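Colleague: For reference, this is final26.pdb, and it has PDB, N, CA and C atoms, pLDDT in the B column.
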ATOM      1  N   MET G   1       7.969  36.530   6.540  1.00 84.00           N
ATOM      2  CA  MET G   1       8.371  35.310   5.873  1.00 84.00           C
ATOM      3  C   MET G   1       8.909  34.284   6.875  1.00 84.00           C
ATOM      4  N   ILE G   2       9.853  34.693   7.690  1.00 85.00           N
ATOM      5  CA  ILE G   2      10.433  33.779   8.684  1.00 85.00           C
ATOM      6  C   ILE G   2       9.358  33.357   9.680  1.00 85.00           C
ATOM      7  N   LEU G   3       8.524  34.299  10.079  1.00 89.00           N
ATOM      8  CA  LEU G   3       7.461  33.993  11.033  1.00 89.00           C
ATOM      9  C   LEU G   3       6.486  32.974  10.462  1.00 89.00           C
ATOM     10  N   SER G   4       6.220  33.064   9.181  1.00 90.00           N
ATOM     11  CA  SER G   4       5.330  32.117   8.522  1.00 90.00           C
ATOM     12  C   SER G   4       5.934  30.712   8.517  1.00 90.00           C
ATOM     13  N   ILE G   5       7.224  30.615   8.269  1.00 91.00           N
ATOM     14  CA  ILE G   5       7.895  29.314   8.262  1.00 91.00           C
ATOM     15  C   ILE G   5       7.899  28.718   9.660  1.00 91.00           C
ATOM     16  N   ILE G   6       8.172  29.531  10.664  1.00 92.00           N
ATOM     17  CA  ILE G   6       8.155  29.055  12.044  1.00 92.00           C
ATOM     18  C   ILE G   6       6.765  28.575  12.427  1.00 92.00           C
ATOM     19  N   PHE G   7       5.734  29.316  12.027  1.00 90.00           N
ATOM     20  CA  PHE G   7       4.365  28.906  12.325  1.00 90.00           C
ATOM     21  C   PHE G   7       4.021  27.589  11.629  1.00 90.00           C
ATOM     22  N   ASP G   8       4.470  27.424  10.385  1.00 92.00           N
ATOM     23  CA  ASP G   8       4.210  26.178   9.659  1.00 92.00           C
ATOM     24  C   ASP G   8       4.885  24.990  10.331  1.00 92.00           C
ATOM     25  N   ILE G   9       6.106  25.167  10.777  1.00 93.00           N
ATOM     26  CA  ILE G   9       6.812  24.094  11.480  1.00 93.00           C
ATOM     27  C   ILE G   9       6.108  23.774  12.789  1.00 93.00           C
ATOM     28  N   TRP G  10       5.688  24.800  13.518  1.00 94.00           N
ATOM     29  CA  TRP G  10       4.971  24.601  14.775  1.00 94.00           C
ATOM     30  C   TRP G  10       3.662  23.852  14.540  1.00 94.00           C
ATOM     31  N   LEU G  11       2.930  24.235  13.509  1.00 95.00           N
ATOM     32  CA  LEU G  11       1.659  23.593  13.192  1.00 95.00           C
ATOM     33  C   LEU G  11       1.869  22.131  12.776  1.00 95.00           C
ATOM     34  N   LEU G  12       2.880  21.866  11.991  1.00 94.00           N
ATOM     35  CA  LEU G  12       3.177  20.499  11.580  1.00 94.00           C
ATOM     36  C   LEU G  12       3.578  19.635  12.773  1.00 94.00           C
ATOM     37  N   SER G  13       4.358  20.177  13.683  1.00 93.00           N
ATOM     38  CA  SER G  13       4.752  19.404  14.862  1.00 93.00           C
ATOM     39  C   SER G  13       3.548  19.114  15.757  1.00 93.00           C
ATOM     40  N   LYS G  14       2.641  20.053  15.895  1.00 94.00           N
ATOM     41  CA  LYS G  14       1.423  19.811  16.683  1.00 94.00           C
ATOM     42  C   LYS G  14       0.541  18.752  16.021  1.00 94.00           C
ATOM     43  N   LEU G  15       0.439  18.796  14.717  1.00 93.00           N
ATOM     44  CA  LEU G  15      -0.353  17.811  13.987  1.00 93.00           C
ATOM     45  C   LEU G  15       0.230  16.407  14.151  1.00 93.00           C
ATOM     46  N   ILE G  16       1.546  16.291  14.064  1.00 92.00           N
ATOM     47  CA  ILE G  16       2.198  14.999  14.264  1.00 92.00           C
ATOM     48  C   ILE G  16       2.019  14.529  15.699  1.00 92.00           C
ATOM     49  N   ALA G  17       2.137  15.438  16.657  1.00 91.00           N
ATOM     50  CA  ALA G  17       1.992  15.074  18.068  1.00 91.00           C
ATOM     51  C   ALA G  17       0.572  14.612  18.394  1.00 91.00           C
ATOM     52  N   ILE G  18      -0.400  15.046  17.631  1.00 93.00           N
ATOM     53  CA  ILE G  18      -1.778  14.612  17.856  1.00 93.00           C
ATOM     54  C   ILE G  18      -2.075  13.309  17.107  1.00 93.00           C
ATOM     55  N   LEU G  19      -1.624  13.206  15.877  1.00 95.00           N
ATOM     56  CA  LEU G  19      -1.957  12.043  15.051  1.00 95.00           C
ATOM     57  C   LEU G  19      -1.152  10.792  15.402  1.00 95.00           C
ATOM     58  N   LEU G  20       0.097  10.951  15.802  1.00 95.00           N
ATOM     59  CA  LEU G  20       0.938   9.789  16.081  1.00 95.00           C
ATOM     60  C   LEU G  20       0.376   8.902  17.190  1.00 95.00           C
ATOM     61  N   PRO G  21      -0.048   9.431  18.338  1.00 96.00           N
ATOM     62  CA  PRO G  21      -0.650   8.554  19.351  1.00 96.00           C
ATOM     63  C   PRO G  21      -1.961   7.909  18.904  1.00 96.00           C
ATOM     64  N   ILE G  22      -2.755   8.620  18.129  1.00 96.00           N
ATOM     65  CA  ILE G  22      -4.016   8.056  17.639  1.00 96.00           C
ATOM     66  C   ILE G  22      -3.732   6.880  16.715  1.00 96.00           C
ATOM     67  N   ILE G  23      -2.778   7.042  15.823  1.00 96.00           N
ATOM     68  CA  ILE G  23      -2.407   5.954  14.923  1.00 96.00           C
ATOM     69  C   ILE G  23      -1.823   4.788  15.708  1.00 96.00           C
ATOM     70  N   ALA G  24      -1.026   5.085  16.728  1.00 96.00           N
ATOM     71  CA  ALA G  24      -0.438   4.018  17.551  1.00 96.00           C
ATOM     72  C   ALA G  24      -1.513   3.229  18.282  1.00 96.00           C
ATOM     73  N   ILE G  25      -2.487   3.906  18.860  1.00 95.00           N
ATOM     74  CA  ILE G  25      -3.555   3.205  19.588  1.00 95.00           C
ATOM     75  C   ILE G  25      -4.379   2.341  18.634  1.00 95.00           C
ATOM     76  N   ILE G  26      -4.694   2.856  17.465  1.00 95.00           N
ATOM     77  CA  ILE G  26      -5.436   2.063  16.476  1.00 95.00           C
ATOM     78  C   ILE G  26      -4.626   0.832  16.077  1.00 95.00           C
ATOM     79  N   ASP G  27      -3.330   1.012  15.877  1.00 94.00           N
ATOM     80  CA  ASP G  27      -2.477  -0.111  15.507  1.00 94.00           C
ATOM     81  C   ASP G  27      -2.374  -1.133  16.637  1.00 94.00           C
ATOM     82  N   ILE G  28      -2.308  -0.675  17.863  1.00 94.00           N
ATOM     83  CA  ILE G  28      -2.258  -1.587  19.013  1.00 94.00           C
ATOM     84  C   ILE G  28      -3.539  -2.409  19.088  1.00 94.00           C
ATOM     85  N   LEU G  29      -4.677  -1.774  18.880  1.00 93.00           N
ATOM     86  CA  LEU G  29      -5.952  -2.485  18.967  1.00 93.00           C
ATOM     87  C   LEU G  29      -6.136  -3.478  17.824  1.00 93.00           C
ATOM     88  N   ARG G  30      -5.573  -3.205  16.673  1.00 93.00           N
ATOM     89  CA  ARG G  30      -5.714  -4.099  15.524  1.00 93.00           C
ATOM     90  C   ARG G  30      -4.696  -5.227  15.529  1.00 93.00           C
ATOM     91  N   ARG G  31      -3.612  -5.058  16.257  1.00 89.00           N
ATOM     92  CA  ARG G  31      -2.530  -6.036  16.285  1.00 89.00           C
ATOM     93  C   ARG G  31      -2.879  -7.207  17.192  1.00 89.00           C
ATOM     94  N   ASP G  32      -2.369  -8.369  16.857  1.00 85.00           N
ATOM     95  CA  ASP G  32      -2.633  -9.571  17.636  1.00 85.00           C
ATOM     96  C   ASP G  32      -1.657  -9.627  18.813  1.00 85.00           C
ATOM     97  N   LEU G  33      -2.072  -9.072  19.952  1.00 84.00           N
ATOM     98  CA  LEU G  33      -1.261  -9.058  21.168  1.00 84.00           C
ATOM     99  C   LEU G  33      -2.026  -9.735  22.291  1.00 84.00           C
ATOM    100  N   LEU G  34      -1.283 -10.218  23.266  1.00 86.00           N
ATOM    101  CA  LEU G  34      -1.933 -10.733  24.466  1.00 86.00           C
ATOM    102  C   LEU G  34      -2.543  -9.576  25.239  1.00 86.00           C
ATOM    103  N   GLY G  35      -3.515  -9.857  26.094  1.00 84.00           N
ATOM    104  CA  GLY G  35      -4.244  -8.810  26.797  1.00 84.00           C
ATOM    105  C   GLY G  35      -3.381  -7.880  27.614  1.00 84.00           C
ATOM    106  N   ILE G  36      -2.430  -8.420  28.386  1.00 91.00           N
ATOM    107  CA  ILE G  36      -1.611  -7.572  29.246  1.00 91.00           C
ATOM    108  C   ILE G  36      -0.641  -6.735  28.424  1.00 91.00           C
ATOM    109  N   ASN G  37      -0.105  -7.292  27.343  1.00 91.00           N
ATOM    110  CA  ASN G  37       0.789  -6.515  26.478  1.00 91.00           C
ATOM    111  C   ASN G  37       0.046  -5.359  25.816  1.00 91.00           C
ATOM    112  N   ARG G  38      -1.168  -5.634  25.375  1.00 93.00           N
ATOM    113  CA  ARG G  38      -1.984  -4.589  24.761  1.00 93.00           C
ATOM    114  C   ARG G  38      -2.277  -3.484  25.774  1.00 93.00           C
ATOM    115  N   LEU G  39      -2.605  -3.860  27.000  1.00 93.00           N
ATOM    116  CA  LEU G  39      -2.897  -2.877  28.038  1.00 93.00           C
ATOM    117  C   LEU G  39      -1.674  -2.025  28.362  1.00 93.00           C
ATOM    118  N   ILE G  40      -0.521  -2.654  28.459  1.00 94.00           N
ATOM    119  CA  ILE G  40       0.706  -1.910  28.766  1.00 94.00           C
ATOM    120  C   ILE G  40       1.026  -0.917  27.655  1.00 94.00           C
ATOM    121  N   TRP G  41       0.902  -1.334  26.399  1.00 95.00           N
ATOM    122  CA  TRP G  41       1.183  -0.418  25.292  1.00 95.00           C
ATOM    123  C   TRP G  41       0.193   0.740  25.262  1.00 95.00           C
ATOM    124  N   ILE G  42      -1.075   0.447  25.473  1.00 95.00           N
ATOM    125  CA  ILE G  42      -2.080   1.519  25.461  1.00 95.00           C
ATOM    126  C   ILE G  42      -1.822   2.508  26.595  1.00 95.00           C
ATOM    127  N   LEU G  43      -1.512   2.004  27.783  1.00 95.00           N
ATOM    128  CA  LEU G  43      -1.220   2.906  28.899  1.00 95.00           C
ATOM    129  C   LEU G  43       0.015   3.754  28.625  1.00 95.00           C
ATOM    130  N   LEU G  44       1.029   3.161  28.026  1.00 95.00           N
ATOM    131  CA  LEU G  44       2.237   3.916  27.700  1.00 95.00           C
ATOM    132  C   LEU G  44       1.928   5.023  26.698  1.00 95.00           C
ATOM    133  N   VAL G  45       1.143   4.711  25.688  1.00 95.00           N
ATOM    134  CA  VAL G  45       0.819   5.716  24.669  1.00 95.00           C
ATOM    135  C   VAL G  45      -0.122   6.780  25.220  1.00 95.00           C
ATOM    136  N   VAL G  46      -1.019   6.412  26.117  1.00 95.00           N
ATOM    137  CA  VAL G  46      -1.963   7.393  26.670  1.00 95.00           C
ATOM    138  C   VAL G  46      -1.270   8.348  27.644  1.00 95.00           C
ATOM    139  N   PHE G  47      -0.399   7.816  28.503  1.00 96.00           N
ATOM    140  CA  PHE G  47       0.217   8.663  29.522  1.00 96.00           C
ATOM    141  C   PHE G  47       1.458   9.404  29.046  1.00 96.00           C
ATOM    142  N   ILE G  48       2.161   8.862  28.069  1.00 94.00           N
ATOM    143  CA  ILE G  48       3.318   9.543  27.476  1.00 94.00           C
ATOM    144  C   ILE G  48       3.115   9.504  25.959  1.00 94.00           C
ATOM    145  N   PRO G  49       2.231  10.328  25.426  1.00 92.00           N
ATOM    146  CA  PRO G  49       1.762  10.157  24.043  1.00 92.00           C
ATOM    147  C   PRO G  49       2.862  10.150  22.973  1.00 92.00           C
ATOM    148  N   PHE G  50       3.653  11.181  22.894  1.00 90.00           N
ATOM    149  CA  PHE G  50       4.612  11.286  21.797  1.00 90.00           C
ATOM    150  C   PHE G  50       5.747  10.275  21.947  1.00 90.00           C
ATOM    151  N   VAL G  51       6.353  10.229  23.108  1.00 93.00           N
ATOM    152  CA  VAL G  51       7.472   9.315  23.350  1.00 93.00           C
ATOM    153  C   VAL G  51       6.993   7.864  23.335  1.00 93.00           C
ATOM    154  N   GLY G  52       5.838   7.606  23.940  1.00 95.00           N
ATOM    155  CA  GLY G  52       5.291   6.254  23.950  1.00 95.00           C
ATOM    156  C   GLY G  52       4.987   5.743  22.549  1.00 95.00           C
ATOM    157  N   SER G  53       4.500   6.610  21.695  1.00 95.00           N
ATOM    158  CA  SER G  53       4.212   6.220  20.315  1.00 95.00           C
ATOM    159  C   SER G  53       5.490   5.893  19.555  1.00 95.00           C
ATOM    160  N   ILE G  54       6.501   6.712  19.751  1.00 94.00           N
ATOM    161  CA  ILE G  54       7.779   6.464  19.081  1.00 94.00           C
ATOM    162  C   ILE G  54       8.380   5.146  19.561  1.00 94.00           C
ATOM    163  N   ILE G  55       8.332   4.890  20.863  1.00 94.00           N
ATOM    164  CA  ILE G  55       8.845   3.633  21.404  1.00 94.00           C
ATOM    165  C   ILE G  55       8.053   2.456  20.845  1.00 94.00           C
ATOM    166  N   TYR G  56       6.737   2.594  20.776  1.00 94.00           N
ATOM    167  CA  TYR G  56       5.899   1.514  20.249  1.00 94.00           C
ATOM    168  C   TYR G  56       6.257   1.192  18.800  1.00 94.00           C
ATOM    169  N   PHE G  57       6.328   2.216  17.938  1.00 93.00           N
ATOM    170  CA  PHE G  57       6.618   1.962  16.533  1.00 93.00           C
ATOM    171  C   PHE G  57       8.036   1.435  16.343  1.00 93.00           C
ATOM    172  N   TYR G  58       8.977   1.909  17.136  1.00 93.00           N
ATOM    173  CA  TYR G  58      10.345   1.382  17.056  1.00 93.00           C
ATOM    174  C   TYR G  58      10.360  -0.093  17.444  1.00 93.00           C
ATOM    175  N   ASP G  59       9.689  -0.437  18.516  1.00 91.00           N
ATOM    176  CA  ASP G  59       9.637  -1.820  18.972  1.00 91.00           C
ATOM    177  C   ASP G  59       8.915  -2.699  17.959  1.00 91.00           C
ATOM    178  N   ARG G  60       7.871  -2.183  17.382  1.00 86.00           N
ATOM    179  CA  ARG G  60       7.108  -2.966  16.409  1.00 86.00           C
ATOM    180  C   ARG G  60       7.946  -3.297  15.182  1.00 86.00           C
ATOM    181  N   PHE G  61       8.665  -2.314  14.662  1.00 83.00           N
ATOM    182  CA  PHE G  61       9.448  -2.553  13.455  1.00 83.00           C
ATOM    183  C   PHE G  61      10.700  -3.384  13.738  1.00 83.00           C
ATOM    184  N   THR G  62      11.294  -3.253  14.908  1.00 79.00           N
ATOM    185  CA  THR G  62      12.439  -4.091  15.222  1.00 79.00           C
ATOM    186  C   THR G  62      11.991  -5.524  15.495  1.00 79.00           C
ATOM    187  N   TYR G  63      10.794  -5.699  16.059  1.00 70.00           N
ATOM    188  CA  TYR G  63      10.261  -7.037  16.286  1.00 70.00           C
ATOM    189  C   TYR G  63       9.965  -7.725  14.952  1.00 70.00           C
ATOM    190  N   LYS G  64       9.418  -6.981  13.992  1.00 66.00           N
ATOM    191  CA  LYS G  64       9.140  -7.532  12.665  1.00 66.00           C
ATOM    192  C   LYS G  64      10.428  -7.933  11.965  1.00 66.00           C
ATOM    193  N   ALA G  65      11.472  -7.147  12.156  1.00 62.00           N
ATOM    194  CA  ALA G  65      12.731  -7.407  11.464  1.00 62.00           C
ATOM    195  C   ALA G  65      13.401  -8.693  11.965  1.00 62.00           C
ATOM    196  N   LYS G  66      13.106  -9.089  13.202  1.00 60.00           N
ATOM    197  CA  LYS G  66      13.715 -10.288  13.757  1.00 60.00           C
ATOM    198  C   LYS G  66      13.146 -11.552  13.124  1.00 60.00           C
ATOM    199  N   PHE G  67      11.879 -11.503  12.703  1.00 56.00           N
ATOM    200  CA  PHE G  67      11.234 -12.715  12.188  1.00 56.00           C
ATOM    201  C   PHE G  67      10.980 -12.641  10.724  1.00 56.00           C
TER     202      PHE G  67
END
Could you show the structure in this file as structure tokens?

Modeller:
Amino acid sequence: MILSIIFDIWLLSKLIAILLPIIAIIDILRRDLLGINRLIWILLVVFIPFVGSIIYFYDRFTYKAKF
């Protein structure tokens, strides 16, 4: 029972770690950004996938909240 719960948590974390960067890259490509900003965000998400995605989404939502 405990092993099953641990496996489910592990599987969910792997799924999030794979999907979050993919969603971030799609969002970066669809968003209206200047060329260099888009390149910097894509490089950040590609080279540091999980942390870069979290930073991107945090920055995106805080930027929206300002305007």

Colleague: Considering only C-alpha atoms, return as a list in words whatever protein or nucleic-acid residues lie within 12 Å of range 36-51 of chain G, sequence-local ones (same chain, fewer than 4 positions apart) excluded.

Modeller: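 With the cut-off at 12 Å, the set is Ser13, Lys14, Leu15, Ile16, Ala17, Ile18, Leu19, Leu20, Pro21, Ile22, Ile23, Ala24, Ile25, Ile26, Asp27, Ile28, Leu29, Arg30, Arg31, Asp32, Ile55, Tyr56, Phe57, Tyr58, Asp59 and Arg60 of chain G.
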
Colleague: Using all atoms of range 20-30 of chain G that appear in the file, construct an axis-aligned enclosing box with 4 Å of padding on every side and provide its centre coordinates and edge lengths in Å, rounded to one decimal, as lines of an AutoDock Vina configuration file.

Modeller:
center_x = -2.6
center_y = 2.9
center_z = 17.3
size_x = 15.1
size_y = 24.2
size_z = 12.7

Colleague: Provide the CA of Thr62 in chain G to CA of Leu33 in chain G distance in Å, to one decimal place.

Modeller: 15.7 Å

Colleague: Start from the incomplete input, build all heavy atoms for range 31-42 of chain G, and deliver everything as a PDB file, in the coordinates of the input.

Modeller:
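Dumped everything to part.pdb:
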ATOM      1  N   ARG G  31      -3.612  -5.058  16.257  1.00 89.00           N
ATOM      2  CA  ARG G  31      -2.530  -6.036  16.285  1.00 89.00           C
ATOM      3  C   ARG G  31      -2.879  -7.207  17.192  1.00 89.00           C
ATOM      4  O   ARG G  31      -3.596  -7.046  18.180  1.00 89.00           O
ATOM      5  CB  ARG G  31      -1.268  -5.335  16.793  1.00 89.00           C
ATOM      6  CG  ARG G  31      -0.019  -6.069  16.557  1.00 89.00           C
ATOM      7  CD  ARG G  31       1.150  -5.182  16.875  1.00 89.00           C
ATOM      8  NE  ARG G  31       2.341  -6.005  17.018  1.00 89.00           N
ATOM      9  CZ  ARG G  31       3.417  -5.637  17.656  1.00 89.00           C
ATOM     10  NH1 ARG G  31       3.463  -4.453  18.202  1.00 89.00           N
ATOM     11  NH2 ARG G  31       4.443  -6.422  17.747  1.00 89.00           N
ATOM     12  N   ASP G  32      -2.369  -8.369  16.857  1.00 85.00           N
ATOM     13  CA  ASP G  32      -2.633  -9.571  17.636  1.00 85.00           C
ATOM     14  C   ASP G  32      -1.657  -9.627  18.813  1.00 85.00           C
ATOM     15  O   ASP G  32      -0.547 -10.140  18.697  1.00 85.00           O
ATOM     16  CB  ASP G  32      -2.481 -10.803  16.745  1.00 85.00           C
ATOM     17  CG  ASP G  32      -2.884 -12.079  17.454  1.00 85.00           C
ATOM     18  OD1 ASP G  32      -3.734 -11.998  18.363  1.00 85.00           O
ATOM     19  OD2 ASP G  32      -2.352 -13.140  17.103  1.00 85.00           O
ATOM     20  N   LEU G  33      -2.072  -9.072  19.952  1.00 84.00           N
ATOM     21  CA  LEU G  33      -1.261  -9.058  21.168  1.00 84.00           C
ATOM     22  C   LEU G  33      -2.026  -9.735  22.291  1.00 84.00           C
ATOM     23  O   LEU G  33      -3.254  -9.780  22.283  1.00 84.00           O
ATOM     24  CB  LEU G  33      -0.946  -7.617  21.598  1.00 84.00           C
ATOM     25  CG  LEU G  33      -0.049  -6.794  20.697  1.00 84.00           C
ATOM     26  CD1 LEU G  33      -0.041  -5.344  21.166  1.00 84.00           C
ATOM     27  CD2 LEU G  33       1.354  -7.346  20.690  1.00 84.00           C
ATOM     28  N   LEU G  34      -1.283 -10.218  23.266  1.00 86.00           N
ATOM     29  CA  LEU G  34      -1.933 -10.733  24.466  1.00 86.00           C
ATOM     30  C   LEU G  34      -2.543  -9.576  25.239  1.00 86.00           C
ATOM     31  O   LEU G  34      -2.120  -8.428  25.098  1.00 86.00           O
ATOM     32  CB  LEU G  34      -0.914 -11.470  25.337  1.00 86.00           C
ATOM     33  CG  LEU G  34      -0.290 -12.727  24.724  1.00 86.00           C
ATOM     34  CD1 LEU G  34       0.762 -13.282  25.656  1.00 86.00           C
ATOM     35  CD2 LEU G  34      -1.343 -13.763  24.421  1.00 86.00           C
ATOM     36  N   GLY G  35      -3.515  -9.857  26.094  1.00 84.00           N
ATOM     37  CA  GLY G  35      -4.244  -8.810  26.797  1.00 84.00           C
ATOM     38  C   GLY G  35      -3.381  -7.880  27.614  1.00 84.00           C
ATOM     39  O   GLY G  35      -3.534  -6.666  27.553  1.00 84.00           O
ATOM     40  N   ILE G  36      -2.430  -8.420  28.386  1.00 91.00           N
ATOM     41  CA  ILE G  36      -1.611  -7.572  29.246  1.00 91.00           C
ATOM     42  C   ILE G  36      -0.641  -6.735  28.424  1.00 91.00           C
ATOM     43  O   ILE G  36      -0.395  -5.572  28.753  1.00 91.00           O
ATOM     44  CB  ILE G  36      -0.873  -8.402  30.335  1.00 91.00           C
ATOM     45  CG1 ILE G  36      -0.242  -7.501  31.389  1.00 91.00           C
ATOM     46  CG2 ILE G  36       0.157  -9.303  29.716  1.00 91.00           C
ATOM     47  CD1 ILE G  36      -1.241  -6.832  32.267  1.00 91.00           C
ATOM     48  N   ASN G  37      -0.105  -7.292  27.343  1.00 91.00           N
ATOM     49  CA  ASN G  37       0.789  -6.515  26.478  1.00 91.00           C
ATOM     50  C   ASN G  37       0.046  -5.359  25.816  1.00 91.00           C
ATOM     51  O   ASN G  37       0.569  -4.253  25.709  1.00 91.00           O
ATOM     52  CB  ASN G  37       1.412  -7.409  25.408  1.00 91.00           C
ATOM     53  CG  ASN G  37       2.402  -8.379  25.980  1.00 91.00           C
ATOM     54  OD1 ASN G  37       2.931  -8.171  27.068  1.00 91.00           O
ATOM     55  ND2 ASN G  37       2.641  -9.459  25.265  1.00 91.00           N
ATOM     56  N   ARG G  38      -1.168  -5.634  25.375  1.00 93.00           N
ATOM     57  CA  ARG G  38      -1.984  -4.589  24.761  1.00 93.00           C
ATOM     58  C   ARG G  38      -2.277  -3.484  25.774  1.00 93.00           C
ATOM     59  O   ARG G  38      -2.172  -2.295  25.455  1.00 93.00           O
ATOM     60  CB  ARG G  38      -3.281  -5.193  24.246  1.00 93.00           C
ATOM     61  CG  ARG G  38      -4.177  -4.193  23.562  1.00 93.00           C
ATOM     62  CD  ARG G  38      -5.379  -4.850  22.965  1.00 93.00           C
ATOM     63  NE  ARG G  38      -4.918  -5.638  21.817  1.00 93.00           N
ATOM     64  CZ  ARG G  38      -5.623  -6.600  21.261  1.00 93.00           C
ATOM     65  NH1 ARG G  38      -6.801  -6.909  21.729  1.00 93.00           N
ATOM     66  NH2 ARG G  38      -5.159  -7.257  20.217  1.00 93.00           N
ATOM     67  N   LEU G  39      -2.605  -3.860  27.000  1.00 93.00           N
ATOM     68  CA  LEU G  39      -2.897  -2.877  28.038  1.00 93.00           C
ATOM     69  C   LEU G  39      -1.674  -2.025  28.362  1.00 93.00           C
ATOM     70  O   LEU G  39      -1.776  -0.804  28.488  1.00 93.00           O
ATOM     71  CB  LEU G  39      -3.399  -3.582  29.297  1.00 93.00           C
ATOM     72  CG  LEU G  39      -3.695  -2.686  30.494  1.00 93.00           C
ATOM     73  CD1 LEU G  39      -4.872  -1.778  30.179  1.00 93.00           C
ATOM     74  CD2 LEU G  39      -3.968  -3.528  31.714  1.00 93.00           C
ATOM     75  N   ILE G  40      -0.521  -2.654  28.459  1.00 94.00           N
ATOM     76  CA  ILE G  40       0.706  -1.910  28.766  1.00 94.00           C
ATOM     77  C   ILE G  40       1.026  -0.917  27.655  1.00 94.00           C
ATOM     78  O   ILE G  40       1.359   0.244  27.929  1.00 94.00           O
ATOM     79  CB  ILE G  40       1.879  -2.885  28.999  1.00 94.00           C
ATOM     80  CG1 ILE G  40       1.668  -3.629  30.307  1.00 94.00           C
ATOM     81  CG2 ILE G  40       3.214  -2.155  29.009  1.00 94.00           C
ATOM     82  CD1 ILE G  40       2.628  -4.764  30.544  1.00 94.00           C
ATOM     83  N   TRP G  41       0.902  -1.334  26.399  1.00 95.00           N
ATOM     84  CA  TRP G  41       1.183  -0.418  25.292  1.00 95.00           C
ATOM     85  C   TRP G  41       0.193   0.740  25.262  1.00 95.00           C
ATOM     86  O   TRP G  41       0.576   1.890  25.034  1.00 95.00           O
ATOM     87  CB  TRP G  41       1.164  -1.158  23.959  1.00 95.00           C
ATOM     88  CG  TRP G  41       2.441  -1.877  23.663  1.00 95.00           C
ATOM     89  CD1 TRP G  41       2.590  -3.210  23.475  1.00 95.00           C
ATOM     90  CD2 TRP G  41       3.747  -1.307  23.532  1.00 95.00           C
ATOM     91  NE1 TRP G  41       3.914  -3.503  23.233  1.00 95.00           N
ATOM     92  CE2 TRP G  41       4.640  -2.355  23.262  1.00 95.00           C
ATOM     93  CE3 TRP G  41       4.245  -0.016  23.616  1.00 95.00           C
ATOM     94  CZ2 TRP G  41       6.003  -2.149  23.063  1.00 95.00           C
ATOM     95  CZ3 TRP G  41       5.605   0.189  23.424  1.00 95.00           C
ATOM     96  CH2 TRP G  41       6.471  -0.859  23.167  1.00 95.00           C
ATOM     97  N   ILE G  42      -1.075   0.447  25.473  1.00 95.00           N
ATOM     98  CA  ILE G  42      -2.080   1.519  25.461  1.00 95.00           C
ATOM     99  C   ILE G  42      -1.822   2.508  26.595  1.00 95.00           C
ATOM    100  O   ILE G  42      -1.886   3.725  26.398  1.00 95.00           O
ATOM    101  CB  ILE G  42      -3.508   0.937  25.525  1.00 95.00           C
ATOM    102  CG1 ILE G  42      -3.842   0.282  24.191  1.00 95.00           C
ATOM    103  CG2 ILE G  42      -4.533   2.019  25.851  1.00 95.00           C
ATOM    104  CD1 ILE G  42      -5.179  -0.406  24.152  1.00 95.00           C
TER     105      ILE G  42
END
